[in-house]
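Text of the file protein10.csv, holding CSV, N, CA and C atoms:
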chain,number,residue,atom,x,y,z
A,296,TRP,N,0.8,-1.2,0.0
A,296,TRP,CA,0.0,0.0,0.0
A,296,TRP,C,0.9,1.2,0.0
A,297,GLU,N,0.5,2.2,-0.8
A,297,GLU,CA,1.2,3.5,-0.7
A,297,GLU,C,0.2,4.5,-0.3
A,298,LEU,N,0.7,5.4,0.6
A,298,LEU,CA,-0.1,6.4,1.2
A,298,LEU,C,-0.3,7.5,0.1
A,299,GLY,N,0.6,7.8,-0.7
A,299,GLY,CA,0.5,8.8,-1.7
A,299,GLY,C,1.9,9.5,-1.9
A,300,ASP,N,2.1,10.0,-3.1
A,300,ASP,CA,3.4,10.7,-3.3
A,300,ASP,C,3.5,12.0,-2.6
A,301,GLU,N,2.4,12.7,-2.5
A,301,GLU,CA,2.4,14.0,-1.9
A,301,GLU,C,1.4,14.0,-0.7
A,302,ARG,N,1.6,14.8,0.3
A,302,ARG,CA,0.6,14.9,1.4
A,302,ARG,C,-0.7,15.2,0.9
A,303,GLY,N,-0.8,16.0,-0.2
A,303,GLY,CA,-2.1,16.4,-0.8
A,303,GLY,C,-2.7,15.3,-1.6
A,304,ASP,N,-2.0,14.3,-1.9
A,304,ASP,CA,-2.4,13.2,-2.8
A,304,ASP,C,-2.6,11.9,-2.0
A,305,LEU,N,-3.3,12.0,-0.9
A,305,LEU,CA,-3.4,10.8,0.0
A,305,LEU,C,-4.4,9.8,-0.6
A,306,LEU,N,-4.3,8.6,-0.2
A,306,LEU,CA,-5.2,7.6,-0.6
A,306,LEU,C,-6.6,7.9,-0.2
A,307,GLY,N,-7.5,7.7,-1.2
A,307,GLY,CA,-8.9,7.8,-0.9
A,307,GLY,C,-9.4,9.2,-0.5
A,308,GLU,N,-10.6,9.1,0.2
A,308,GLU,CA,-11.3,10.3,0.7
A,308,GLU,C,-11.3,10.4,2.2
A,309,GLU,N,-11.5,11.6,2.7
A,309,GLU,CA,-11.6,11.7,4.2
A,309,GLU,C,-12.8,10.9,4.6
A,310,ALA,N,-12.7,10.1,5.7
A,310,ALA,CA,-13.7,9.2,6.2
A,310,ALA,C,-14.9,10.0,6.8
A,311,GLY,N,-16.1,9.5,6.7
A,311,GLY,CA,-17.2,10.1,7.4
A,311,GLY,C,-17.0,9.9,8.9
A,312,PRO,N,-17.8,10.5,9.7
A,312,PRO,CA,-17.6,10.5,11.2
A,312,PRO,C,-17.6,9.1,11.8
A,313,GLU,N,-18.5,8.2,11.3
A,313,GLU,CA,-18.5,6.8,11.8
A,313,GLU,C,-17.3,6.0,11.6
A,314,ASP,N,-16.8,6.1,10.3
A,314,ASP,CA,-15.6,5.4,9.9
A,314,ASP,C,-14.4,6.0,10.6
A,315,HIS,N,-14.4,7.3,10.7
A,315,HIS,CA,-13.3,8.1,11.3
A,315,HIS,C,-13.1,7.6,12.7
A,316,ASP,N,-14.2,7.6,13.5
A,316,ASP,CA,-14.2,7.2,14.9
A,316,ASP,C,-13.8,5.7,15.0
A,317,ALA,N,-14.3,4.8,14.2
A,317,ALA,CA,-14.1,3.4,14.3
A,317,ALA,C,-12.7,3.0,14.0
A,318,ALA,N,-12.2,3.5,12.9
A,318,ALA,CA,-10.8,3.2,12.4
A,318,ALA,C,-9.8,3.9,13.4
A,319,GLY,N,-10.0,5.1,13.8
A,319,GLY,CA,-9.1,5.8,14.7
A,319,GLY,C,-9.1,5.1,16.0
A,320,SER,N,-10.2,4.6,16.5
A,320,SER,CA,-10.3,3.9,17.8
A,320,SER,C,-9.5,2.6,17.7
A,321,ALA,N,-9.6,1.9,16.6
A,321,ALA,CA,-8.9,0.6,16.4
A,321,ALA,C,-7.4,0.8,16.5
A,322,VAL,N,-6.9,1.9,15.9
A,322,VAL,CA,-5.5,2.1,15.9
A,322,VAL,C,-5.1,2.6,17.4
A,323,GLU,N,-5.8,3.4,18.0
A,323,GLU,CA,-5.5,3.9,19.4
A,323,GLU,C,-5.5,2.7,20.3
A,324,LYS,N,-6.5,1.8,20.2
A,324,LYS,CA,-6.6,0.7,21.1
A,324,LYS,C,-5.4,-0.3,20.8
A,325,PHE,N,-5.1,-0.5,19.6
A,325,PHE,CA,-4.0,-1.4,19.2
A,325,PHE,C,-2.7,-0.9,19.8
A,326,LEU,N,-2.4,0.4,19.6
A,326,LEU,CA,-1.2,1.0,20.1
A,326,LEU,C,-1.1,0.9,21.6
A,327,ARG,N,-2.2,1.2,22.3
A,327,ARG,CA,-2.3,1.1,23.7
A,327,ARG,C,-2.0,-0.4,24.2
A,328,ALA,N,-2.6,-1.3,23.5
A,328,ALA,CA,-2.4,-2.7,23.9
A,328,ALA,C,-1.0,-3.1,23.7
A,329,GLN,N,-0.4,-2.7,22.6
A,329,GLN,CA,1.1,-3.0,22.4
A,329,GLN,C,1.9,-2.4,23.5
A,330,ALA,N,1.7,-1.1,23.8
A,330,ALA,CA,2.4,-0.5,24.9
A,330,ALA,C,2.2,-1.1,26.2
A,331,ASP,N,1.0,-1.6,26.5
A,331,ASP,CA,0.7,-2.3,27.8
A,331,ASP,C,1.0,-3.7,27.8
A,332,GLY,N,1.5,-4.3,26.7
A,332,GLY,CA,1.8,-5.7,26.7
A,332,GLY,C,0.5,-6.6,26.7
A,333,ASP,N,-0.6,-6.1,26.2
A,333,ASP,CA,-1.8,-6.8,26.2
A,333,ASP,C,-2.0,-7.5,24.8
A,334,SER,N,-1.3,-8.6,24.7
A,334,SER,CA,-1.3,-9.3,23.4
A,334,SER,C,-2.7,-9.8,22.9
A,335,ALA,N,-3.5,-10.2,23.8
A,335,ALA,CA,-4.9,-10.6,23.4
A,335,ALA,C,-5.7,-9.5,22.8
A,336,THR,N,-5.6,-8.3,23.3
A,336,THR,CA,-6.3,-7.2,22.8
A,336,THR,C,-5.7,-6.8,21.4
A,337,ALA,N,-4.4,-6.8,21.4
A,337,ALA,CA,-3.7,-6.5,20.1
A,337,ALA,C,-4.1,-7.4,19.0
A,338,CYS,N,-4.2,-8.7,19.3
A,338,CYS,CA,-4.6,-9.7,18.3
A,338,CYS,C,-6.0,-9.5,17.9
A,339,SER,N,-6.9,-9.1,18.8
A,339,SER,CA,-8.3,-8.9,18.4
A,339,SER,C,-8.5,-7.7,17.5
A,340,LEU,N,-7.5,-6.8,17.4
A,340,LEU,CA,-7.6,-5.7,16.6
A,340,LEU,C,-6.8,-5.8,15.3
A,341,MET,N,-6.2,-6.9,15.1
A,341,MET,CA,-5.4,-7.2,13.8
A,341,MET,C,-6.2,-7.8,12.8
A,342,SER,N,-6.0,-7.4,11.5
A,342,SER,CA,-6.7,-8.0,10.4
A,342,SER,C,-6.1,-9.5,10.2
A,343,ALA,N,-6.9,-10.3,9.5
A,343,ALA,CA,-6.4,-11.7,9.3
A,343,ALA,C,-5.1,-11.7,8.5
A,344,SER,N,-4.9,-10.8,7.5
A,344,SER,CA,-3.7,-10.8,6.8
A,344,SER,C,-2.5,-10.4,7.6
A,345,THR,N,-2.7,-9.5,8.6
A,345,THR,CA,-1.7,-9.0,9.5
A,345,THR,C,-1.2,-10.2,10.3
A,346,LYS,N,-2.2,-11.0,10.8
A,346,LYS,CA,-1.8,-12.1,11.6
A,346,LYS,C,-1.0,-13.1,10.8
A,347,GLN,N,-1.4,-13.4,9.6
A,347,GLN,CA,-0.7,-14.3,8.7
A,347,GLN,C,0.8,-13.7,8.4
A,348,ASN,N,0.9,-12.4,8.2
A,348,ASN,CA,2.2,-11.8,8.0
A,348,ASN,C,3.1,-12.0,9.2
A,349,LEU,N,2.5,-11.9,10.4
A,349,LEU,CA,3.2,-12.0,11.6
A,349,LEU,C,3.8,-13.4,11.8
A,350,GLU,N,3.0,-14.4,11.4
A,350,GLU,CA,3.4,-15.8,11.4
A,350,GLU,C,4.6,-16.0,10.5
A,351,VAL,N,4.5,-15.5,9.3
A,351,VAL,CA,5.6,-15.6,8.3
A,351,VAL,C,6.9,-14.9,8.9
A,352,PHE,N,6.7,-13.7,9.4
A,352,PHE,CA,7.8,-12.9,9.9
A,352,PHE,C,8.6,-13.6,11.0
A,353,LEU,N,7.8,-14.3,11.9
A,353,LEU,CA,8.4,-14.9,13.0
A,353,LEU,C,8.7,-16.4,12.8
A,354,GLU,N,8.6,-16.9,11.6
A,354,GLU,CA,9.0,-18.3,11.3
A,354,GLU,C,10.5,-18.5,11.6
A,355,GLY,N,10.9,-19.6,12.0
A,355,GLY,CA,12.3,-19.9,12.3
A,355,GLY,C,12.6,-20.0,13.7
A,356,ALA,N,13.7,-19.6,14.2
A,356,ALA,CA,14.2,-19.8,15.5
A,356,ALA,C,13.2,-19.2,16.6
A,357,SER,N,12.8,-18.0,16.4
A,357,SER,CA,11.9,-17.4,17.4
A,357,SER,C,10.5,-18.1,17.5
A,358,ALA,N,10.0,-18.6,16.3
A,358,ALA,CA,8.7,-19.1,16.3
A,358,ALA,C,8.7,-20.6,16.9
A,359,LYS,N,9.9,-21.2,17.0
A,359,LYS,CA,9.9,-22.6,17.5
A,359,LYS,C,9.5,-22.6,18.9
A,360,SER,N,9.7,-21.5,19.6
A,360,SER,CA,9.3,-21.5,21.1
A,360,SER,C,7.9,-21.2,21.3
A,361,VAL,N,7.1,-20.9,20.3
A,361,VAL,CA,5.7,-20.5,20.5
A,361,VAL,C,4.9,-21.5,19.7
A,362,LYS,N,3.6,-21.6,20.0
A,362,LYS,CA,2.7,-22.5,19.4
A,362,LYS,C,2.0,-21.8,18.2
A,363,ASN,N,2.4,-20.6,17.8
A,363,ASN,CA,1.9,-19.9,16.7
A,363,ASN,C,0.5,-19.4,16.9
A,364,THR,N,0.1,-19.2,18.2
A,364,THR,CA,-1.2,-18.5,18.4
A,364,THR,C,-0.8,-17.0,18.3
A,365,CYS,N,-1.8,-16.2,17.9
A,365,CYS,CA,-1.5,-14.8,17.7
A,365,CYS,C,-0.9,-14.2,19.0
A,366,THR,N,-1.4,-14.5,20.1
A,366,THR,CA,-0.9,-13.8,21.3
A,366,THR,C,0.6,-14.2,21.6
A,367,GLU,N,0.9,-15.5,21.3
A,367,GLU,CA,2.3,-15.9,21.5
A,367,GLU,C,3.2,-15.2,20.5
A,368,LEU,N,2.7,-15.1,19.2
A,368,LEU,CA,3.5,-14.4,18.2
A,368,LEU,C,3.7,-13.0,18.5
A,369,VAL,N,2.7,-12.3,19.1
A,369,VAL,CA,2.9,-10.9,19.4
A,369,VAL,C,3.9,-10.8,20.6
A,370,GLU,N,3.8,-11.7,21.5
A,370,GLU,CA,4.7,-11.7,22.7
A,370,GLU,C,6.2,-11.9,22.2
A,371,ALA,N,6.3,-12.9,21.2
A,371,ALA,CA,7.6,-13.1,20.6
A,371,ALA,C,8.2,-11.9,19.9
A,372,LEU,N,7.3,-11.2,19.2
A,372,LEU,CA,7.7,-10.0,18.5
A,372,LEU,C,8.1,-8.9,19.5
A,373,ARG,N,7.4,-8.8,20.6
A,373,ARG,CA,7.7,-7.8,21.6
A,373,ARG,C,9.0,-8.1,22.2
A,374,SER,N,9.4,-9.4,22.4
A,374,SER,CA,10.7,-9.7,23.0
A,374,SER,C,11.8,-9.4,22.1
A,375,GLN,N,11.6,-9.1,20.8
A,375,GLN,CA,12.6,-8.8,19.9
A,375,GLN,C,12.8,-7.3,19.7
A,376,ILE,N,11.9,-6.5,20.3
A,376,ILE,CA,11.9,-5.0,20.1
A,376,ILE,C,12.3,-4.4,21.4
A,377,VAL,N,13.2,-3.4,21.3
A,377,VAL,CA,13.6,-2.7,22.5
A,377,VAL,C,12.3,-1.9,23.0
A,378,ALA,N,12.0,-2.0,24.3
A,378,ALA,CA,10.8,-1.4,24.8
A,378,ALA,C,10.6,0.0,24.4
A,379,LYS,N,11.6,0.9,24.4
A,379,LYS,CA,11.4,2.3,24.1
A,379,LYS,C,11.0,2.5,22.6
A,380,ARG,N,11.1,1.4,21.8
A,380,ARG,CA,10.7,1.6,20.4
A,380,ARG,C,9.3,1.1,20.2
A,381,LEU,N,8.7,0.5,21.2
A,381,LEU,CA,7.3,0.1,21.1
A,381,LEU,C,6.4,1.4,21.0
A,382,PRO,N,5.3,1.3,20.2
A,382,PRO,CA,4.5,2.4,20.0
A,382,PRO,C,3.7,2.8,21.3
A,383,GLN,N,3.6,4.0,21.5
A,383,GLN,CA,2.9,4.5,22.7
A,383,GLN,C,1.6,5.2,22.2
A,384,ALA,N,0.5,5.0,22.9
A,384,ALA,CA,-0.8,5.5,22.6
A,384,ALA,C,-1.4,6.4,23.7
A,385,ASN,N,-0.5,6.8,24.6
A,385,ASN,CA,-1.1,7.5,25.8
A,385,ASN,C,-1.9,8.7,25.3
A,386,SER,N,-1.4,9.4,24.3
A,386,SER,CA,-2.1,10.6,23.9
A,386,SER,C,-2.0,10.9,22.4
A,387,ILE,N,-2.1,9.9,21.6
A,387,ILE,CA,-2.0,10.2,20.1
A,387,ILE,C,-3.2,11.0,19.7
A,388,ASP,N,-3.0,11.8,18.7
A,388,ASP,CA,-4.1,12.7,18.2
A,388,ASP,C,-4.4,12.3,16.8
A,389,VAL,N,-5.5,11.6,16.6
A,389,VAL,CA,-5.9,11.2,15.2
A,389,VAL,C,-6.3,12.5,14.5
A,390,THR,N,-5.6,12.8,13.4
A,390,THR,CA,-5.8,14.0,12.7
A,390,THR,C,-6.6,13.8,11.4
A,391,SER,N,-6.6,12.6,10.9
A,391,SER,CA,-7.4,12.3,9.7
A,391,SER,C,-7.5,10.8,9.5
A,392,VAL,N,-8.6,10.4,8.8
A,392,VAL,CA,-8.7,9.0,8.4
A,392,VAL,C,-9.1,9.0,6.9
A,393,ARG,N,-8.2,8.4,6.1
A,393,ARG,CA,-8.5,8.4,4.7
A,393,ARG,C,-8.9,7.0,4.3
A,394,ILE,N,-9.9,6.8,3.5
A,394,ILE,CA,-10.4,5.5,3.1
A,394,ILE,C,-10.7,5.4,1.6
A,395,GLU,N,-10.5,4.3,1.1
A,395,GLU,CA,-10.8,4.0,-0.3
A,395,GLU,C,-11.3,2.5,-0.3
A,396,GLY,N,-12.6,2.4,-0.4
A,396,GLY,CA,-13.2,1.0,-0.4
A,396,GLY,C,-13.1,0.4,1.0
A,397,GLU,N,-12.4,-0.7,1.1
A,397,GLU,CA,-12.3,-1.4,2.3
A,397,GLU,C,-11.0,-1.2,3.0
A,398,ARG,N,-10.2,-0.3,2.6
A,398,ARG,CA,-8.9,-0.1,3.2
A,398,ARG,C,-8.6,1.4,3.4
A,399,GLY,N,-7.7,1.8,4.2
A,399,GLY,CA,-7.4,3.2,4.4
A,399,GLY,C,-6.2,3.4,5.3
A,400,PHE,N,-6.0,4.6,5.8
A,400,PHE,CA,-4.9,5.0,6.7
A,400,PHE,C,-5.5,5.9,7.8
A,401,VAL,N,-5.0,5.7,9.0
A,401,VAL,CA,-5.3,6.6,10.1
A,401,VAL,C,-4.0,7.4,10.2
A,402,LEU,N,-4.2,8.7,10.1
A,402,LEU,CA,-3.1,9.7,10.3
A,402,LEU,C,-3.2,10.2,11.7
A,403,TYR,N,-2.0,10.2,12.4
A,403,TYR,CA,-2.0,10.7,13.8
A,403,TYR,C,-0.7,11.3,14.1
A,404,ARG,N,-0.7,12.1,15.2
A,404,ARG,CA,0.4,12.7,15.8
A,404,ARG,C,0.7,12.2,17.2
A,405,ASP,N,1.9,11.8,17.4
A,405,ASP,CA,2.2,11.2,18.8
A,405,ASP,C,2.6,12.4,19.7
A,406,PRO,N,2.8,12.1,21.0
A,406,PRO,CA,3.1,13.2,22.0
A,406,PRO,C,4.3,14.0,21.6
A,407,GLY,N,5.3,13.4,20.9
A,407,GLY,CA,6.5,14.1,20.5
A,407,GLY,C,6.3,14.9,19.2
A,408,GLY,N,5.1,14.9,18.7
A,408,GLY,CA,4.8,15.7,17.5
A,408,GLY,C,5.1,15.0,16.1
A,409,THR,N,5.5,13.8,16.2
A,409,THR,CA,5.8,13.0,15.0
A,409,THR,C,4.4,12.6,14.3
A,410,GLU,N,4.3,12.9,13.1
A,410,GLU,CA,3.1,12.5,12.3
A,410,GLU,C,3.3,11.1,11.7
A,411,SER,N,2.4,10.2,11.8
A,411,SER,CA,2.5,8.9,11.3
A,411,SER,C,1.2,8.5,10.6
A,412,ALA,N,1.3,7.4,9.8
A,412,ALA,CA,0.1,6.8,9.1
A,412,ALA,C,0.1,5.4,9.5
A,413,PHE,N,-1.1,4.9,9.8
A,413,PHE,CA,-1.2,3.5,10.2
A,413,PHE,C,-2.3,2.9,9.2
A,414,PRO,N,-1.9,1.8,8.5
A,414,PRO,CA,-2.9,1.2,7.6
A,414,PRO,C,-4.0,0.4,8.3
A,415,VAL,N,-5.2,0.5,7.8
A,415,VAL,CA,-6.3,-0.2,8.4
A,415,VAL,C,-7.1,-0.8,7.2
A,416,VAL,N,-7.9,-1.9,7.6
A,416,VAL,CA,-8.7,-2.6,6.6
A,416,VAL,C,-10.1,-2.9,7.3
A,417,ARG,N,-11.1,-2.8,6.5
A,417,ARG,CA,-12.4,-3.2,7.0
A,417,ARG,C,-12.6,-4.7,6.8
A,418,GLU,N,-12.9,-5.4,8.0
A,418,GLU,CA,-13.3,-6.8,7.9
A,418,GLU,C,-14.7,-6.9,8.5
A,419,GLY,N,-15.6,-7.3,7.6
A,419,GLY,CA,-17.0,-7.3,8.0
A,419,GLY,C,-17.4,-5.9,8.3
A,420,SER,N,-17.9,-5.6,9.5
A,420,SER,CA,-18.3,-4.3,9.9
A,420,SER,C,-17.3,-3.5,10.7
A,421,ALA,N,-16.1,-4.2,11.0
A,421,ALA,CA,-15.2,-3.6,11.9
A,421,ALA,C,-13.9,-3.2,11.2
A,422,TRP,N,-13.3,-2.1,11.6
A,422,TRP,CA,-11.9,-1.7,11.1
A,422,TRP,C,-10.9,-2.4,11.9
A,423,LYS,N,-9.9,-2.9,11.3
A,423,LYS,CA,-8.8,-3.7,11.9
A,423,LYS,C,-7.5,-3.0,11.4
A,424,VAL,N,-6.4,-3.2,12.3
A,424,VAL,CA,-5.1,-2.7,11.9
A,424,VAL,C,-4.5,-3.6,10.8
A,425,ALA,N,-3.9,-3.1,9.8
A,425,ALA,CA,-3.3,-3.8,8.7
A,425,ALA,C,-1.8,-3.9,8.7
A,426,ALA,N,-1.2,-3.6,9.9
A,426,ALA,CA,0.2,-3.7,10.1
A,426,ALA,C,0.5,-3.8,11.6
A,427,ILE,N,1.7,-3.9,12.0
A,427,ILE,CA,2.1,-4.0,13.4
A,427,ILE,C,2.7,-2.7,13.9
A,428,ALA,N,2.9,-1.7,13.0
A,428,ALA,CA,3.4,-0.4,13.3
A,428,ALA,C,3.0,0.6,12.3
A,429,GLY,N,2.9,1.9,12.7
A,429,GLY,CA,2.7,2.9,11.8
A,429,GLY,C,3.9,3.3,11.1
A,430,GLN,N,3.8,4.2,10.1
A,430,GLN,CA,4.9,4.7,9.3
A,430,GLN,C,5.0,6.2,9.5
A,431,SER,N,6.2,6.7,9.9
A,431,SER,CA,6.4,8.2,10.1
A,431,SER,C,6.2,8.9,8.7
A,432,LEU,N,5.6,10.0,8.8
A,432,LEU,CA,5.4,10.8,7.6
A,432,LEU,C,6.5,11.9,7.5
A,433,PRO,N,6.9,12.2,6.3
A,433,PRO,CA,8.0,13.2,6.1
A,433,PRO,C,7.4,14.6,6.5
Turn this file's structure into C-alpha cells for me.
Amino acid sequence: WELGDERGDLLGEEAGPEDHDAAGSAVEKFLRAQADGDSATACSLMSASTKQNLEVFLEGASAKSVKNTCTELVEALRSQIVAKRLPQANSIDVTSVRIEGERGFVLYRDPGGTESAFPVVREGSAWKVAAIAGQSLP
C-alpha cells in the first residue's frame, strides 16, 4: 500500500464520522495494547492478513518456542523489540482517516509531534489494523 506521493495526494477520501471514529479507535486501542503488553487485545484488533504476515515474519528460531497462536506471536515479537521503540498511545491525536473502499490509513500525531500513518482494513463491519506499526510521515 502506498499512502501517496504528496501529502495532498493521499489515498482515498476523508472518512465520514462513523468510519473516522471506528478506524481511529482501532489504531488507538492497538497501540495502547502494544504499549501495555496486552497481546490478546492487540490480536483482536489485527486483520487476518496481518496475523498471517506476523506468522511468516516470526518463522524460524523465534517461532519454534511458540505455538503460533496470535498472542504468543505478538509476545515473541515484543521480546525482539527494544521497549522504548514500542508504539505509545497515551495521547495520540488522530488527525485524519483516509479510506478507499475497504482499506485506508489513520493519520495521527504522537506526543512528540511526529506524524504517522497506520494502515487499516475493514473486515466485516469492523476496522482492523493492517500492520504492526505505523509509518512516520515526512
Mind checking which residues fall within 7 Å of Ala426 in chain A, counting all atoms listed in the file, ignoring those fewer than 4 positions away in the same chain, and posting them as a ChimeraX atom specification? /A:341-342,345,413-415
For the residues selected in the previous step, produce a file with N, CA and C atoms as a PDB file, keeping the file's coordinate frame.
ATOM      1  N   MET A 341      -6.200  -6.900  15.100  1.00  0.00           N
ATOM      2  CA  MET A 341      -5.400  -7.200  13.800  1.00  0.00           C
ATOM      3  C   MET A 341      -6.200  -7.800  12.800  1.00  0.00           C
ATOM      4  N   SER A 342      -6.000  -7.400  11.500  1.00  0.00           N
ATOM      5  CA  SER A 342      -6.700  -8.000  10.400  1.00  0.00           C
ATOM      6  C   SER A 342      -6.100  -9.500  10.200  1.00  0.00           C
ATOM      7  N   THR A 345      -2.700  -9.500   8.600  1.00  0.00           N
ATOM      8  CA  THR A 345      -1.700  -9.000   9.500  1.00  0.00           C
ATOM      9  C   THR A 345      -1.200 -10.200  10.300  1.00  0.00           C
ATOM     10  N   PHE A 413      -1.100   4.900   9.800  1.00  0.00           N
ATOM     11  CA  PHE A 413      -1.200   3.500  10.200  1.00  0.00           C
ATOM     12  C   PHE A 413      -2.300   2.900   9.200  1.00  0.00           C
ATOM     13  N   PRO A 414      -1.900   1.800   8.500  1.00  0.00           N
ATOM     14  CA  PRO A 414      -2.900   1.200   7.600  1.00  0.00           C
ATOM     15  C   PRO A 414      -4.000   0.400   8.300  1.00  0.00           C
ATOM     16  N   VAL A 415      -5.200   0.500   7.800  1.00  0.00           N
ATOM     17  CA  VAL A 415      -6.300  -0.200   8.400  1.00  0.00           C
ATOM     18  C   VAL A 415      -7.100  -0.800   7.200  1.00  0.00           C
TER      19      VAL A 415
END
Please identify all polymer residues within 12 Å of Lys346 in chain A, counting only C-alpha atoms, omitting same-chain residues fewer than 4 positions from it, and present them as a PyMOL selection string. chain A and resi 337-342+350-353+363-369+372+423-427
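For the residues A:Glu370, A:Ala335, A:Val416, A:Gly407, ranking by smallest atom-to-atom distance to Ala317 in chain A using only C-alpha atoms places A:Val416 first.
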Excluding Arg404 in chain A and any residue of its chain fewer than 3 positions from it, enumerate the residues within 6.5 Å of it, using all atoms listed in the file, and give them as a PyMOL selection string. chain A and resi 386-390+407-411
Tell me, as a PyMOL selection string, which residues lie within 12 Å of Gly311 in chain A, counting only C-alpha atoms; anything in the same chain fewer than 3 positions away does not count. chain A and resi 307-308+314-319+391-395
For atom N of Asn348 in chain A and CA of Ala428 in chain A, the interatomic separation in Å (one decimal): 13.3 Å
Distance in Å - atom N of Pro433 in chain A versus atom N of Gln347 in chain A: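 According to the coordinates, atom N of Pro433 in chain A and atom N of Gln347 in chain A are separated by 27.1 Å.
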So what do you get for atom C of Ala371 in chain A versus atom C of Phe325 in chain A, distance-wise?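 Interatomic distance, atom C of Ala371 in chain A to atom C of Phe325 in chain A: 15.5 Å.
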Of the residues A:Leu432, A:Glu397, A:Ala330, A:Arg373, which is the one nearest to Ser420 in chain A, using only C-alpha atoms?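 Of A:Leu432, A:Glu397, A:Ala330, A:Arg373, the one nearest Ser420 in chain A is A:Glu397, counting only C-alpha atoms.
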Going by DSSP on the backbone, which bits of range 313-427 of chain A are strand (DSSP E)? Write them as a list of chain:residue names, please.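 Matching residues, listed in order: A:Asp388, A:Val389, A:Thr390, A:Ser391, A:Val392, A:Arg393, A:Ile394, A:Glu395, A:Arg398, A:Gly399, A:Phe400, A:Val401, A:Leu402, A:Tyr403, A:Arg404, A:Glu410, A:Ser411, A:Ala412, A:Phe413, A:Pro414, A:Val415, A:Val416, A:Arg417, A:Glu418, A:Ala421, A:Trp422, A:Lys423, A:Val424.
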Return the single residue from A:Leu306, A:Ser320, A:Pro312, A:Arg327 that is closest to Arg398 in chain A, with distances computed using all atoms listed in the file.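 Distance minimum relative to Arg398 in chain A lands on A:Leu306.
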